[in-house]
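One structure below.
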Amino acid sequence: MRAISYRRTGGPDVLELVDLPVPDPGPGEVRVRLAFSGVNPTDWKSRSGATAGALADDHQIPNQDGAGTVEAVGQGVDPAVTGQRVWVWEAAWQRRWGTAAEYTVVPARQAVLLGEGPSFELGAALGIPFLTAHRCLTLGESLPDRLGPGALTGRTVLVQGGAGAVGNAAIQLARWADATVVATVSSPRKAQLAAAAGASHVVDYRQQDVVAEVRKVAPKGVDVVVEVAPATNAAVDAQLVGPHGAVAVYANNGGDEVTLPVRTQMGPNAQWHFVLVYTEPERAKVLGVEDVNAAVLDGAVRVGEEAGLPLHVHPLAQTAEAHRAVEEGAVGKVLVDVTA
Ligand SMILES: NC(=O)c1ccc[n+]([C@@H]2O[C@H](COP(=O)([O-])OP(=O)(O)OC[C@H]3O[C@@H](n4cnc5c(N)ncnc54)[C@H](OP(=O)(O)O)[C@@H]3O)[C@@H](O)[C@H]2O)c1
């Protein structure tokens, strides 16, 4: 099969187009013929060696997310899933068979039935961003652990960085669950995208006073902040977290150290949580996969400009360009068409 592989960590140029044997699914696994591979920051961070990622002895295929069709099943897997369209999550987490290839093999539960309607582009955009967003929206003690229509009725969610991939996913899932969603952005262009995703209020954090603007919508504060840049935004979040509210920190964009005003956080019994999607509690992951899939089947989750997530598609041989684009902050979703 045609695959992108790397044997050492480094810049995008360590990625090579190679010919590898088609992998066979082991017990409990499925083989998926991929259509699209989704690229996330975690993929270039692992490839670069910046974060601890498994680098297999002989080759590592990058990229966690993808979508395609189940082609073969291993021992113990229901053969009825053969031929089904699926989305794939965490294909390369402590495994060598990432999604930048014509085929991957994953444990059967990591290939989720997509049905006939949703596109493969949507399927490849789900895993890392949507599962992370689901975790952020459900980890507070005053929040339900499931999302679905009505689950967040009467709640207000603040999404810091609403034009990012995770930010977009958080807006779409929170809107599906009937929350009021406020998003911050850094430009008018990104404001349009956050609004297209479903944010009812958008604040330009470079031009406006975020605390004052959010307080107009949520005078008592918000129920959860979905936070991408805690080092920059902690003081703002601390002023905006409402009674028994939570701040869900899923990234360290803009700095790795956070200073918090302790006394003001005691009043609302605020909770500050940290999220890594790979290692989240098992039950949370199971519920996240189920709820994200339900949102997809409900037609509540979309990709593309009209959903606030412009697509940028690269052919397989140009996976290095796709990684570079994500590393340089591409706005929207970067995909690899593995058939091109
Ligand atoms: N913990 C996990 O499990 C997990 C899962 C997924 C992603 N991540 C991490 O999360 C980060 C974002 O991932 P992504 O795929 O969403 O990337 P992305 O699409 O590039 O989005 C990042 C967003 O953060 C915004 N941002 C940066 N600084 C900000 C600030 N001070 N206030 C508000 N927004 C700010 C950016 O917009 P502006 O610069 O225009 O504001 C941009 O929209 C990456 O570091 C990634 O590695 C972690």
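All residue names refer to the structure tokens as shown: chains lettered A, B, ... in order, residues numbered from 1 in each chain, ligands numbered from 1 in order.
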Give the strand (DSSP E or B) residues of segment 200-229 of chain A, as DSSP finds them on the backbone, and put them as a PyMOL selection string.
chain A and resi 201-204+222-227
Please save all heavy atoms of the selected residues as a compact mmCIF listing (two decimals), in the first residue's frame.
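Result file result.txt:
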# COMPACT_ATOMS: atom_id res chain seq x y z
N HIS A 201 -22.92 34.51 20.42
CA HIS A 201 -22.22 35.76 20.75
C HIS A 201 -20.74 35.53 20.48
O HIS A 201 -20.19 34.52 20.92
CB HIS A 201 -22.41 36.13 22.21
CG HIS A 201 -23.86 36.14 22.63
ND1 HIS A 201 -24.65 37.26 22.53
CD2 HIS A 201 -24.64 35.16 23.11
CE1 HIS A 201 -25.87 36.96 22.95
NE2 HIS A 201 -25.90 35.70 23.29
N VAL A 202 -20.14 36.45 19.75
CA VAL A 202 -18.72 36.32 19.44
C VAL A 202 -18.00 37.59 19.89
O VAL A 202 -18.46 38.70 19.60
CB VAL A 202 -18.50 36.10 17.92
CG1 VAL A 202 -17.01 35.89 17.63
CG2 VAL A 202 -19.31 34.89 17.44
N VAL A 203 -16.88 37.41 20.59
CA VAL A 203 -16.13 38.53 21.13
C VAL A 203 -14.72 38.50 20.53
O VAL A 203 -14.05 37.46 20.56
CB VAL A 203 -16.02 38.41 22.68
CG1 VAL A 203 -15.26 39.61 23.24
CG2 VAL A 203 -17.40 38.28 23.32
N ASP A 204 -14.29 39.65 19.99
CA ASP A 204 -12.93 39.76 19.48
C ASP A 204 -12.03 40.15 20.65
O ASP A 204 -12.07 41.28 21.12
CB ASP A 204 -12.87 40.81 18.36
CG ASP A 204 -11.51 40.87 17.69
OD1 ASP A 204 -10.49 40.58 18.37
OD2 ASP A 204 -11.45 41.21 16.49
N VAL A 222 -20.23 31.91 33.57
CA VAL A 222 -20.54 30.80 32.65
C VAL A 222 -20.38 29.46 33.38
O VAL A 222 -19.73 29.36 34.41
CB VAL A 222 -19.63 30.84 31.40
CG1 VAL A 222 -19.78 32.18 30.68
CG2 VAL A 222 -18.18 30.57 31.75
N ASP A 223 -20.99 28.44 32.81
CA ASP A 223 -20.94 27.11 33.42
C ASP A 223 -19.65 26.38 33.10
O ASP A 223 -19.18 25.57 33.90
CB ASP A 223 -22.15 26.29 32.97
CG ASP A 223 -23.44 26.90 33.47
OD1 ASP A 223 -23.71 26.75 34.67
OD2 ASP A 223 -24.13 27.57 32.68
N VAL A 224 -19.10 26.65 31.92
CA VAL A 224 -17.82 26.03 31.58
C VAL A 224 -17.08 26.91 30.58
O VAL A 224 -17.70 27.52 29.69
CB VAL A 224 -17.99 24.58 31.06
CG1 VAL A 224 -18.85 24.52 29.81
CG2 VAL A 224 -16.64 23.92 30.79
N VAL A 225 -15.78 26.99 30.77
CA VAL A 225 -14.90 27.64 29.80
C VAL A 225 -14.10 26.53 29.12
O VAL A 225 -13.49 25.69 29.80
CB VAL A 225 -13.91 28.61 30.47
CG1 VAL A 225 -13.04 29.29 29.41
CG2 VAL A 225 -14.63 29.63 31.33
N VAL A 226 -14.11 26.51 27.80
CA VAL A 226 -13.29 25.57 27.04
C VAL A 226 -12.05 26.34 26.62
O VAL A 226 -12.12 27.24 25.79
CB VAL A 226 -14.08 25.02 25.82
CG1 VAL A 226 -13.23 24.04 25.03
CG2 VAL A 226 -15.38 24.36 26.29
N GLU A 227 -10.91 26.00 27.23
CA GLU A 227 -9.75 26.89 27.20
C GLU A 227 -8.55 26.32 26.44
O GLU A 227 -8.03 25.26 26.78
CB GLU A 227 -9.34 27.23 28.65
CG GLU A 227 -8.18 28.19 28.77
CD GLU A 227 -8.45 29.50 28.03
OE1 GLU A 227 -9.16 30.38 28.55
OE2 GLU A 227 -7.96 29.63 26.88
Selection: 7 Å around Asp291 of chain A, only C-alpha atoms, excl. self and same-chain fewer than 5 positions, as an NGL selection string
:A and (146-148)
May I have the residues within 6 Å of segment 123-126 of chain A as a PyMOL selection string, using only C-alpha atoms and disregarding those fewer than 6 positions away in the same chain?
chain A and resi 36-38+65-67+87
Thr82 of chain A surroundings by only C-alpha atoms, 6 Å radius, close-in-sequence under 6 positions cut, as a list in words:
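My reading of the contact set: Val70, Glu71 and Ala72 of chain A.
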Residues just named, written with N, CA, C and O atoms as a short mmCIF file (atom, residue, chain, number, x, y, z; two decimals), in the first residue's frame:
data_model
loop_
_atom_site.label_atom_id
_atom_site.label_comp_id
_atom_site.auth_asym_id
_atom_site.auth_seq_id
_atom_site.Cartn_x
_atom_site.Cartn_y
_atom_site.Cartn_z
N VAL A 70 -14.60 -0.39 6.27
CA VAL A 70 -14.03 -1.61 6.84
C VAL A 70 -13.90 -2.65 5.74
O VAL A 70 -14.87 -2.92 5.00
N GLU A 71 -12.71 -3.22 5.63
CA GLU A 71 -12.45 -4.14 4.54
C GLU A 71 -12.24 -5.57 5.03
O GLU A 71 -12.48 -6.53 4.30
N ALA A 72 -11.76 -5.72 6.26
CA ALA A 72 -11.51 -7.06 6.81
C ALA A 72 -11.56 -6.97 8.32
O ALA A 72 -11.30 -5.91 8.90
#
Hey, which of A:Ala183, A:Ala229, A:Leu309, A:Ala170 ends up closest to ligand 1? Count only C-alpha atoms and all ligand atoms.
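That would be A:Ala229, the residue with the smallest distance to ligand 1.
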So which bits of segment 73-209 of chain A end up alpha helix (DSSP H) when you DSSP the backbone, as a PyMOL selection string?
chain A and resi 120-124+127-138+165-176+188-197
Non-local contacts of Arg33 of chain A (8 Å; only C-alpha atoms; under 6 positions in same chain excluded) as an NGL selection string:
:A and (68-71 or 102-104)
Could you turn the residues from that selection into a file that holds N, CA, C and O atoms, as a PDB file, in the first residue's frame?
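Output file again-v3.pdb follows:
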ATOM      1  N   GLY A  68     -13.120   5.883   6.389  1.00  0.00           N
ATOM      2  CA  GLY A  68     -13.054   4.981   5.243  1.00  0.00           C
ATOM      3  C   GLY A  68     -14.037   3.833   5.413  1.00  0.00           C
ATOM      4  O   GLY A  68     -15.081   3.990   6.063  1.00  0.00           O
ATOM      5  N   THR A  69     -13.670   2.693   4.849  1.00  0.00           N
ATOM      6  CA  THR A  69     -14.578   1.547   4.805  1.00  0.00           C
ATOM      7  C   THR A  69     -13.889   0.322   5.389  1.00  0.00           C
ATOM      8  O   THR A  69     -12.737   0.033   5.042  1.00  0.00           O
ATOM      9  N   VAL A  70     -14.600  -0.390   6.270  1.00  0.00           N
ATOM     10  CA  VAL A  70     -14.028  -1.613   6.844  1.00  0.00           C
ATOM     11  C   VAL A  70     -13.902  -2.649   5.739  1.00  0.00           C
ATOM     12  O   VAL A  70     -14.866  -2.921   5.001  1.00  0.00           O
ATOM     13  N   GLU A  71     -12.705  -3.217   5.633  1.00  0.00           N
ATOM     14  CA  GLU A  71     -12.450  -4.139   4.540  1.00  0.00           C
ATOM     15  C   GLU A  71     -12.236  -5.568   5.034  1.00  0.00           C
ATOM     16  O   GLU A  71     -12.484  -6.529   4.298  1.00  0.00           O
ATOM     17  N   GLU A 102      -3.079   4.115   2.729  1.00  0.00           N
ATOM     18  CA  GLU A 102      -4.292   3.594   2.103  1.00  0.00           C
ATOM     19  C   GLU A 102      -5.098   2.701   3.051  1.00  0.00           C
ATOM     20  O   GLU A 102      -6.317   2.556   2.892  1.00  0.00           O
ATOM     21  N   TYR A 103      -4.404   2.095   4.031  1.00  0.00           N
ATOM     22  CA  TYR A 103      -5.085   1.213   4.989  1.00  0.00           C
ATOM     23  C   TYR A 103      -4.555   1.468   6.391  1.00  0.00           C
ATOM     24  O   TYR A 103      -3.396   1.840   6.568  1.00  0.00           O
ATOM     25  N   THR A 104      -5.420   1.229   7.368  1.00  0.00           N
ATOM     26  CA  THR A 104      -4.970   1.182   8.754  1.00  0.00           C
ATOM     27  C   THR A 104      -5.606  -0.030   9.418  1.00  0.00           C
ATOM     28  O   THR A 104      -6.600  -0.578   8.894  1.00  0.00           O
TER      29      THR A 104
END
Counting only C-alpha atoms, what is within 12 Å of Thr264 of chain A, bar same-chain residues fewer than 2 positions away, as a ChimeraX atom specification?
/A:235-243,260-262,266-271
Provide the atom CA of Asp24 of chain A to atom CA of Phe120 of chain A distance in Å, to one decimal place.
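Between these atoms lies a distance of 22.5 Å.
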Near segment 250-253 of chain A, 12 Å: segment 136-225 of chain A residue rows, closest pairs, only C-alpha atoms, as a Markdown table:
| residue | atom | partner | partner_atom | distance |
| --- | --- | --- | --- | --- |
| A:Cys136 | CA | A:Tyr250 | CA | 7.7 |
| A:Leu137 | CA | A:Tyr250 | CA | 11.3 |
| A:Leu139 | CA | A:Tyr250 | CA | 11.9 |
| A:Val159 | CA | A:Tyr250 | CA | 11.5 |
| A:Gln160 | CA | A:Tyr250 | CA | 10.8 |
| A:Gly161 | CA | A:Asn253 | CA | 10.4 |
| A:Gly164 | CA | A:Asn253 | CA | 11.6 |
| A:Val166 | CA | A:Tyr250 | CA | 9.1 |
| A:Gly167 | CA | A:Tyr250 | CA | 10.5 |
| A:Ala170 | CA | A:Tyr250 | CA | 11.6 |
| A:Val225 | CA | A:Tyr250 | CA | 10.6 |
Figure out the distance between atom CA of Glu280 of chain A and atom CA of Gly304 of chain A, please, to one decimal in Å.
28.3 Å
So which one's closest to Val18 of chain A, A:Leu316, A:Val106, A:Val214, A:Ala177? Using only C-alpha atoms, please.
A:Leu316
What is the atom CA of Gly198 of chain A to atom CA of Gln172 of chain A distance in Å?
6.2 Å
